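Below: one structure, written as structure tokens.
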Amino acid sequence: MDFSSCVGVKPNQIGGEMGNKDQRTGLQEQEKAQSLEYRCSSPPGPGEVQEVASGVLWIRMPLPLALAHINVWAIRDGDGWAIVDTGMRTPQTAEAWCKLFDGPLNGLPVTRVFVTHMHPDHVGMAGWITRRYLCPLWMTRLEFLTCRVLAADTGKEAPTDGVRFYRAAGWTDAALENYRARFGDFGKWMYPLPDSYQRIHDGQHLRIGLHEWKVIVGSGHSPEHACLYCPDLKLLVSGDQVLPRISSNVSVHPMEPNADPVSDWLASLAYIRKHVPDDVLVLPAHDEPFHGLHTRLSELENSQHRGLDRLREALLVPKRVTDLFEVLFSRNVQSDPFLLSLATGEAIACLNQLIEAGEVAVRSDASGVNWYRLADRT
């Protein structure tokens, strides 16, 4: 798999989500989210920390993308620090971690590394840190194993199934050639994972330092995304599962072309609302910590449903995936390979959800291109 189709979030990495005339699903302009409350002061700079609760530090790592940062977290854990997410593998990230280890983290060791999910901006430095401190990596099983599989594609040729998948979506020959050239980048942005790990799972209670944290698992953006909820501190480390101003990319990939991640995504948002109270301070992977979890969950759900409604209207006549970009996204995505990959995955995710519900039918023409339209209910 190529890196662009898996890194997920974040259309915003290219410089703002794509659209937003009507809060367009996934790839959309930043929302103002005026209903949310941001209680923290200015974000910490490189090599700096900001305490957001007793023993919990906010750290920012640079990203070589238009979305220029990822938030990671250090939680006091006995005589050391538990780290949650790590940043992408770059010299700048390693430099920032070294500055932190020698400075604000007081030279104390890392006791363990938690990774919310397997995208390179979250897992990229995990192998480096765990080897440096001889400490364990804690992840959910599907995230760890999926990451290992994708990293194994590094340097390989693009698979025939992948080419067929994007041709069926209506990609041009030039776009397919670019896919072949870029395939296998995933592993270049992360240090090799350790050969063993400590599995975490939904509903598990973990003791980190003085407090108990509960694992809350969601999916849609990634296979088994772990959030960490601390009732005592009223904190939720949400990773990419809940972001304040942008919505996570929810995509179908060539590895599982008939997947329905939109249904998983919507079910996960409802699950978080049920199991995490509204009074938490949400610690997201991007942007700033905020209050207003349940409001944000509703915004994300409503945005997704509006996108599906627009598809229903557009599919009164047959269309290819690439014909639907203007329905879902207000920015032109065809000229940028990264945006094209994200938009394709997200559009197919929406279509698969409607197919699963029996609302849309698909047929393939003689060239192997799929055409979608509303199903005949009669």
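Letters for chains follow the order of the structure tokens (A, B, ...), residue numbers begin at 1 for each chain, and ligand numbers begin at 1 in the order shown.
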(message) Among region 37-279 of chain A, which residues does DSSP mark as helix (DSSP H, G or I) when it is run on the backbone? Keep the chain and numbering as in the structure and answer as JSON, numbers by chain.
(response) {"A": [91, 92, 93, 94, 95, 96, 97, 98, 99, 100, 101, 102, 120, 121, 122, 123, 126, 127, 128, 129, 130, 131, 132, 133, 141, 142, 143, 144, 145, 146, 147, 148, 149, 150, 151, 160, 161, 162, 163, 164, 165, 166, 167, 168, 173, 174, 175, 176, 177, 178, 179, 180, 181, 182, 186, 187, 188, 189, 261, 262, 263, 264, 265, 266, 267, 268, 269, 270, 271, 272, 273, 274, 275]}
Quick one: which region 255-368 of chain A residues come within 7 Å of region 168-177 of chain A, and what is the nearest atom pair for each with the distance in Å to one decimal, counting only C-alpha atoms, rows ordered by chain and ascending number, as JSON lines?
```
{"residue": "A:Arg320", "atom": "CA", "partner": "A:Gly170", "partner_atom": "CA", "distance": 6.2}
{"residue": "A:Val321", "atom": "CA", "partner": "A:Ala169", "partner_atom": "CA", "distance": 5.0}
{"residue": "A:Thr322", "atom": "CA", "partner": "A:Gly170", "partner_atom": "CA", "distance": 5.7}
{"residue": "A:Gly368", "atom": "CA", "partner": "A:Ala168", "partner_atom": "CA", "distance": 5.5}
```
(request) From a DSSP calculation on the backbone, collect every residue of region 205-284 of chain A in strand (DSSP E) and output the set as a VMD selection string. (result) chain A and resid 205 to 208 211 to 218 225 to 230 235 to 239 281 to 284
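Among the candidates A:Tyr38, A:Trp73, A:Tyr197, A:Trp213, the one nearest to Arg141 (chain A) when counting only C-alpha atoms is A:Tyr197.
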(request) Could you please determine the separation between CA of Pro223 (chain A) and CA of Leu142 (chain A) in Å, to one decimal place? (result)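 About the pair CA of Pro223 (chain A) and CA of Leu142 (chain A): they are 6.2 Å apart.
Nearest residue to Arg207 (chain A) among A:Ile272, A:Ala314, A:Leu150, A:Ile75 is A:Ile75, counting only C-alpha atoms.
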Contacts between region 240-262 of chain A and region 145-224 of chain A, please, where a residue of region 145-224 of chain A counts if it comes within 7 Å (with only C-alpha atoms); show its shortest atom pair and distance in Å to one decimal, rows by chain and ascending number, as JSON lines.
```
{"residue": "A:Asp161", "atom": "CA", "partner": "A:Pro254", "partner_atom": "CA", "distance": 6.7}
{"residue": "A:Gly162", "atom": "CA", "partner": "A:Pro254", "partner_atom": "CA", "distance": 5.1}
{"residue": "A:Phe165", "atom": "CA", "partner": "A:Pro254", "partner_atom": "CA", "distance": 5.9}
{"residue": "A:Gly218", "atom": "CA", "partner": "A:Gln241", "partner_atom": "CA", "distance": 6.9}
{"residue": "A:Gly220", "atom": "CA", "partner": "A:Pro261", "partner_atom": "CA", "distance": 4.4}
{"residue": "A:His221", "atom": "CA", "partner": "A:Val250", "partner_atom": "CA", "distance": 4.8}
```
(message) Given only C-alpha atoms as the basis, pick out the residue of A:Pro231, A:Lys274, A:Ile59, A:Gln198 nearest to Thr140 (chain A).
(response) A:Gln198
(message) Could you check the closest approach to Ser364 (chain A) for each of A:Pro337, A:Gly103, A:Pro318, A:Gly45 and tell me which residue wins, using only C-alpha atoms?
(response)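 Under the stated criterion, the closest residue is A:Pro318.
Each of A:Leu206, A:Val327, A:Met139, A:Ala66 was checked against His122 (chain A) using only C-alpha atoms; the smallest atom-to-atom distance is that of A:Met139.
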